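*Asks:* For reference, this is upload36.txt, and it has compact mmCIF, C-alpha atoms.
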# COMPACT_ATOMS: atom_id res chain seq x y z
CA GLY A 142 -8.95 -8.07 -12.27
CA ALA A 143 -9.50 -7.71 -15.97
CA VAL A 144 -6.50 -8.44 -18.17
CA VAL A 145 -5.65 -6.94 -21.52
CA SER A 146 -2.67 -8.24 -23.41
CA GLN A 147 -0.81 -6.71 -26.33
CA HIS A 148 1.54 -8.43 -28.73
CA PRO A 149 4.27 -7.83 -29.65
CA SER A 150 5.78 -5.78 -26.85
CA TRP A 151 8.64 -4.66 -29.05
CA VAL A 152 8.92 -4.57 -32.80
CA ILE A 153 11.59 -3.19 -35.09
CA CYS A 154 10.87 -2.96 -38.78
CA LYS A 155 12.26 -1.45 -41.94
CA SER A 156 10.77 1.64 -43.48
CA GLY A 157 8.01 0.79 -45.93
CA THR A 158 6.89 -2.42 -44.27
CA SER A 159 3.66 -3.00 -42.37
CA VAL A 160 3.38 -4.01 -38.75
CA LYS A 161 0.41 -5.56 -36.97
CA ILE A 162 -0.18 -5.15 -33.22
CA GLU A 163 -2.74 -7.29 -31.44
CA CYS A 164 -4.80 -6.39 -28.41
CA ARG A 165 -6.68 -9.10 -26.57
CA SER A 166 -9.00 -9.01 -23.60
CA LEU A 167 -8.17 -12.25 -21.83
CA ASP A 168 -10.97 -12.70 -19.35
CA PHE A 169 -13.81 -10.54 -20.57
CA GLN A 170 -15.55 -9.50 -23.75
CA ALA A 171 -14.88 -5.99 -24.94
CA THR A 172 -17.34 -4.45 -27.35
CA THR A 173 -15.18 -1.35 -27.50
CA MET A 174 -11.42 -1.00 -27.57
CA PHE A 175 -9.34 2.13 -27.86
CA TRP A 176 -5.96 2.67 -29.44
CA TYR A 177 -3.60 5.30 -28.07
CA ARG A 178 -0.22 6.58 -29.08
CA GLN A 179 2.24 7.84 -26.52
CA PHE A 180 5.23 9.97 -27.38
CA PRO A 181 8.23 10.11 -25.03
CA LYS A 182 7.42 11.91 -21.81
CA GLN A 183 4.01 12.89 -23.11
CA SER A 184 0.45 11.88 -22.49
CA LEU A 185 -1.59 9.34 -24.37
CA MET A 186 -3.18 10.53 -27.57
CA LEU A 187 -6.36 8.74 -28.55
CA MET A 188 -6.05 7.51 -32.12
CA ALA A 189 -9.28 5.64 -32.66
CA THR A 190 -12.20 3.86 -31.10
CA SER A 191 -12.69 0.30 -32.25
CA ASN A 192 -16.15 -1.25 -32.06
CA GLU A 193 -16.65 -4.95 -32.62
CA GLY A 194 -18.18 -5.69 -35.96
CA SER A 195 -18.09 -2.14 -37.30
CA LYS A 196 -15.64 0.39 -38.65
CA ALA A 197 -13.35 2.17 -36.29
CA THR A 198 -13.89 5.82 -35.46
CA TYR A 199 -10.72 7.81 -35.93
CA GLU A 200 -9.75 10.99 -34.12
CA GLN A 201 -9.10 14.11 -36.09
CA GLY A 202 -5.70 14.10 -37.70
CA VAL A 203 -5.21 10.33 -37.59
CA GLU A 204 -4.85 8.76 -41.03
CA LYS A 205 -7.23 5.83 -41.23
CA ASP A 206 -5.50 4.40 -44.29
CA LYS A 207 -2.20 4.34 -42.45
CA PHE A 208 -3.45 2.99 -39.15
CA LEU A 209 -5.82 0.16 -40.00
CA ILE A 210 -7.92 -1.08 -37.13
CA ASN A 211 -9.90 -4.29 -37.13
CA HIS A 212 -12.10 -5.52 -34.30
CA ALA A 213 -13.23 -8.87 -35.58
CA SER A 214 -14.24 -10.42 -32.30
CA LEU A 215 -15.21 -9.40 -28.79
CA THR A 216 -11.75 -10.25 -27.49
CA LEU A 217 -9.42 -9.08 -30.25
CA SER A 218 -8.60 -5.80 -31.93
CA THR A 219 -5.65 -5.26 -34.24
CA LEU A 220 -3.79 -2.15 -35.29
CA THR A 221 -1.81 -2.34 -38.51
CA VAL A 222 0.67 0.40 -39.26
CA THR A 223 0.95 0.34 -43.03
CA SER A 224 4.03 1.45 -44.95
CA ALA A 225 5.70 2.45 -41.73
CA HIS A 226 8.15 5.35 -41.61
CA PRO A 227 10.52 6.47 -38.86
CA GLU A 228 8.05 9.13 -37.70
CA ASP A 229 5.63 6.30 -36.87
CA SER A 230 8.02 5.07 -34.22
CA SER A 231 6.16 5.32 -30.95
CA PHE A 232 4.58 3.48 -28.06
CA TYR A 233 1.14 2.18 -28.97
CA ILE A 234 -1.27 1.26 -26.21
CA CYS A 235 -4.66 -0.36 -26.40
CA SER A 236 -7.40 -0.37 -23.85
CA ALA A 237 -10.62 -2.29 -23.52
CA ASP A 238 -13.98 -1.32 -22.15
CA ARG A 239 -15.43 -3.92 -19.85
CA GLY A 240 -18.79 -2.24 -19.79
CA PRO A 241 -20.48 1.02 -18.89
CA GLN A 242 -21.05 -0.02 -15.31
CA THR A 243 -17.41 0.24 -14.29
CA GLY A 244 -16.46 3.31 -16.29
CA GLU A 245 -12.81 2.38 -16.21
CA LEU A 246 -10.72 1.09 -19.06
CA PHE A 247 -8.20 -1.71 -18.84
CA PHE A 248 -4.91 -1.15 -20.58
CA GLY A 249 -2.51 -3.40 -22.37
CA GLU A 250 1.20 -3.31 -21.64
CA GLY A 251 1.89 -1.32 -24.77
CA SER A 252 3.85 -2.05 -27.92
CA ARG A 253 6.98 -0.12 -28.82
CA LEU A 254 7.46 0.29 -32.54
CA THR A 255 10.79 1.35 -33.97
CA VAL A 256 10.95 1.98 -37.70
CA LEU A 257 14.44 2.08 -39.16
CA GLY B 244 -14.89 19.40 -25.35
CA ASN B 245 -13.69 17.58 -22.29
CA SER B 246 -10.19 18.28 -21.07
CA VAL B 247 -7.89 17.61 -18.14
CA THR B 248 -5.12 19.85 -16.85
CA GLN B 249 -2.38 18.51 -14.61
CA MET B 250 0.52 20.18 -12.91
CA GLU B 251 3.74 19.80 -14.80
CA GLY B 252 6.49 17.71 -13.38
CA PRO B 253 8.74 16.33 -12.46
CA VAL B 254 7.81 16.38 -8.82
CA THR B 255 10.82 15.46 -6.73
CA LEU B 256 10.30 14.43 -3.10
CA SER B 257 12.15 12.70 -0.34
CA GLU B 258 10.79 9.49 1.09
CA GLU B 259 7.97 10.01 3.62
CA ALA B 260 7.13 13.47 2.26
CA PHE B 261 3.56 14.55 1.56
CA LEU B 262 2.45 14.44 -2.04
CA THR B 263 -0.08 16.53 -3.92
CA ILE B 264 -0.54 16.41 -7.67
CA ASN B 265 -3.10 18.89 -8.89
CA CYS B 266 -5.69 18.03 -11.50
CA THR B 267 -8.53 20.14 -12.81
CA TYR B 268 -10.99 19.32 -15.53
CA THR B 269 -13.47 20.79 -17.95
CA ALA B 270 -16.41 18.65 -18.91
CA THR B 271 -20.03 18.66 -19.87
CA GLY B 272 -22.34 16.49 -17.86
CA TYR B 273 -21.13 14.30 -15.04
CA PRO B 274 -17.94 12.50 -15.95
CA SER B 275 -16.14 9.84 -13.97
CA LEU B 276 -12.66 10.78 -12.83
CA PHE B 277 -9.60 8.56 -12.63
CA TRP B 278 -5.97 8.50 -11.66
CA TYR B 279 -3.80 6.07 -13.62
CA VAL B 280 -0.18 5.26 -12.83
CA GLN B 281 2.54 4.13 -15.20
CA TYR B 282 5.60 2.57 -13.60
CA PRO B 283 8.84 2.51 -15.59
CA GLY B 284 8.61 0.05 -18.45
CA GLU B 285 5.02 -0.91 -17.73
CA GLY B 286 1.55 -0.15 -19.02
CA LEU B 287 -1.04 2.02 -17.33
CA GLN B 288 -2.76 0.79 -14.22
CA LEU B 289 -5.82 2.23 -12.59
CA LEU B 290 -4.86 3.74 -9.24
CA LEU B 291 -8.23 5.06 -8.10
CA LYS B 292 -11.47 6.46 -9.37
CA ALA B 293 -14.54 8.47 -8.39
CA THR B 294 -17.80 8.43 -10.27
CA LYS B 295 -19.76 11.30 -8.74
CA ALA B 296 -19.32 14.54 -6.89
CA ASP B 297 -17.88 14.31 -3.36
CA ASP B 298 -16.80 10.70 -3.90
CA LYS B 299 -13.33 9.91 -2.58
CA GLY B 300 -11.26 7.34 -4.39
CA SER B 301 -8.46 5.67 -2.47
CA ASN B 302 -5.87 2.97 -3.03
CA LYS B 303 -2.37 2.15 -1.76
CA GLY B 304 -2.42 5.21 0.50
CA PHE B 305 -3.36 7.56 -2.33
CA GLU B 306 -6.57 9.58 -2.19
CA ALA B 307 -8.46 11.95 -4.44
CA THR B 308 -11.84 13.64 -3.96
CA TYR B 309 -14.18 14.55 -6.80
CA ARG B 310 -14.82 18.28 -6.26
CA LYS B 311 -17.47 19.52 -8.63
CA GLU B 312 -17.47 23.06 -7.26
CA THR B 313 -13.80 23.51 -8.08
CA THR B 314 -13.74 20.96 -10.95
CA SER B 315 -10.75 19.30 -9.35
CA PHE B 316 -9.52 15.81 -8.52
CA HIS B 317 -6.19 16.35 -6.78
CA LEU B 318 -4.11 13.30 -5.89
CA GLU B 319 -2.64 13.11 -2.39
CA LYS B 320 -0.54 10.74 -0.33
CA GLY B 321 0.59 11.35 3.19
CA SER B 322 3.95 9.59 3.01
CA VAL B 323 5.50 8.64 -0.31
CA GLN B 324 7.89 5.77 -0.87
CA VAL B 325 10.65 5.25 -3.40
CA SER B 326 8.45 2.64 -5.05
CA ASP B 327 5.87 5.34 -5.82
CA SER B 328 8.19 6.82 -8.43
CA ALA B 329 6.16 6.73 -11.64
CA VAL B 330 4.15 8.88 -14.00
CA TYR B 331 0.65 9.73 -12.81
CA PHE B 332 -2.15 10.54 -15.23
CA CYS B 333 -5.40 12.22 -14.31
CA ALA B 334 -8.26 11.28 -16.63
CA LEU B 335 -11.95 11.76 -17.12
CA ARG B 336 -14.54 9.80 -18.96
CA GLY B 337 -17.81 11.14 -20.22
CA PHE B 338 -19.90 9.09 -22.58
CA GLN B 339 -17.21 6.94 -24.09
CA LYS B 340 -13.76 8.40 -24.51
CA LEU B 341 -11.19 8.55 -21.76
CA VAL B 342 -9.39 11.88 -21.85
CA PHE B 343 -5.97 12.11 -20.20
CA GLY B 344 -3.98 14.89 -18.71
CA THR B 345 -0.36 15.27 -19.77
CA GLY B 346 0.95 13.20 -16.88
CA THR B 347 3.13 14.14 -13.92
CA ARG B 348 6.37 12.35 -13.23
CA LEU B 349 7.06 11.70 -9.56
CA LEU B 350 10.58 10.99 -8.38
CA VAL B 351 11.03 9.87 -4.79
CA SER B 352 14.52 9.68 -3.35
CA PRO B 353 15.59 7.69 -0.27
Let me see whether you can do it: turn the structure in this file into structure tokens.

*Replies:*
Amino acid sequence: GAVVSQHPSWVICKSGTSVKIECRSLDFQATTMFWYRQFPKQSLMLMATSNEGSKATYEQGVEKDKFLINHASLTLSTLTVTSAHPEDSSFYICSADRGPQTGELFFGEGSRLTVL
Amino acid sequence: GNSVTQMEGPVTLSEEAFLTINCTYTATGYPSLFWYVQYPGEGLQLLLKATKADDKGSNKGFEATYRKETTSFHLEKGSVQVSDSAVYFCALRGFQKLVFGTGTRLLVSP
């Protein structure tokens, strides 16, 4: 099946620094990727939709200057948390769209960010 | 907008018990419906899906039927195992976005 990989799986950083999380589709091209945030024992909250070669579309309430998304190629999207603060600590999950025919999304393993 | 409502957990069962996790949805058009599972420490995995009314998705002994008349997609399994302990998410997808329910934690004891 389709594989989506995220890196890093775990990251700890100091408050005020920036952290980049990568999401790669390993065996297919993904024109669209999605970034989610998951709080403990809660559902996934869609943050933004990332389209290759164009600007990301952010959900209401998500700060686009804080969560920078780049989708430079058909197999890679990156999420950069800028000037991270402890409240940004969370589990970030990406997913990739293999195409409209399947309807399903393929998810990465997630990246846990802890901001000290 | 589209939304998904799931029963709150945790659901606690003994091994070999029957499982039902309720899921209802609100959507415009004809969305596809999904159940995803998240095992402890892992990412989400697709469990099963149904793309049109009356379709039944099935996998690993789990089943769910797309009921348009009741806007439901309840997850069932006849005999759960300890290894089924996980969080289960009901989801729907319209044009592009995948919308999740809040998730239901299942705990199966030996």

*Asks:* Could you name the residues that touch Gln147 of chain A at 6 Å or less, counting only C-alpha atoms, but leaving out those on the same chain fewer than 5 positions away, as a list in words?

*Replies:*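 Result of the neighbour search: Glu163, Cys164 and Gly249 of chain A.
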
*Asks:* Can you pull out every residue within 10 Å of segment 245-259 of chain B, counting only C-alpha atoms, but drop anything in the same chain fewer than 2 positions away, and send it as a ChimeraX atom specification?

*Replies:* /B:261-272,274,276,314-317,320-337,340-353

*Asks:* Could you list, as a list in words, every residue of chain A that has an atom within 10 Å of an atom of chain B, counting all atoms listed in the file?

*Replies:*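 Every residue meeting the condition is included here: Thr173, Phe175, Lys182, Gln183, Ser184, Leu185, Met186, Leu187, Ala189, Thr190, Ile234, Cys235, Ser236, Asp238, Pro241, Thr243, Gly244, Glu245, Leu246, Phe247, Phe248, Gly249, Glu250, Gly251 and Ser252 of chain A.
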
*Asks:* Identify the residues within 10 Å of coordinate (-17.3, -0.5, -35.0) (same frame as the file), considering only C-alpha atoms, and give the answer as a ChimeraX atom specification.

*Replies:* /A:172-174,190-198,210-213

*Asks:* Could you work out how far atom CA of Val160 of chain A lies from atom CA of Leu254 of chain A, giving the answer in Å with one decimal?

*Replies:* 8.6 Å

*Asks:* What's the separation between atom CA of Lys155 of chain A and atom CA of Leu257 of chain A, in Å to one decimal place?

*Replies:*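 For atom CA of Lys155 of chain A relative to atom CA of Leu257 of chain A, the distance reads 5.0 Å.
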
*Asks:* Would you kindly return, as an MDAnalysis selection string, each protein, DNA or RNA residue with an atom no farther than 12 Å from any atom of Cys154 of chain A, considering all atoms listed in the file and excluding same-chain residues fewer than 6 positions away?

*Replies:* chainID A and resid 160:161 222:227 229:230 253:257

*Asks:* State, in Å with one decimal place, the distance from atom CA of Lys295 of chain B to atom CA of Arg239 of chain A.

*Replies:*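 Atom CA of Arg239 of chain A lies 19.3 Å from atom CA of Lys295 of chain B.
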
*Asks:* Given the choices A:Ile153, A:Met188, A:Leu215, A:Val203, which gets closest to Asp168 of chain A if the distance is worked out from only C-alpha atoms?

*Replies:*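 Among the listed residues, A:Leu215 lies closest to Asp168 of chain A.
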
*Asks:* Around segment 264-272 of chain B, fit a box with edges along x, y and z, padding it by 8 Å on each side, then list its centre and edge lengths in Å to one decimal as JSON.

*Replies:*
{"center_x": -11.4, "center_y": 18.6, "center_z": -13.8, "size_x": 37.8, "size_y": 20.4, "size_z": 28.2}

*Asks:* Give me the residues near Ser166 of chain A as an MDAnalysis selection string, where near means some atom within 7 Å (using only C-alpha atoms) and where sequence neighbours in that chain fewer than 2 positions away do not count.

*Replies:* chainID A and resid 144:146 164 168:171 216:217 237
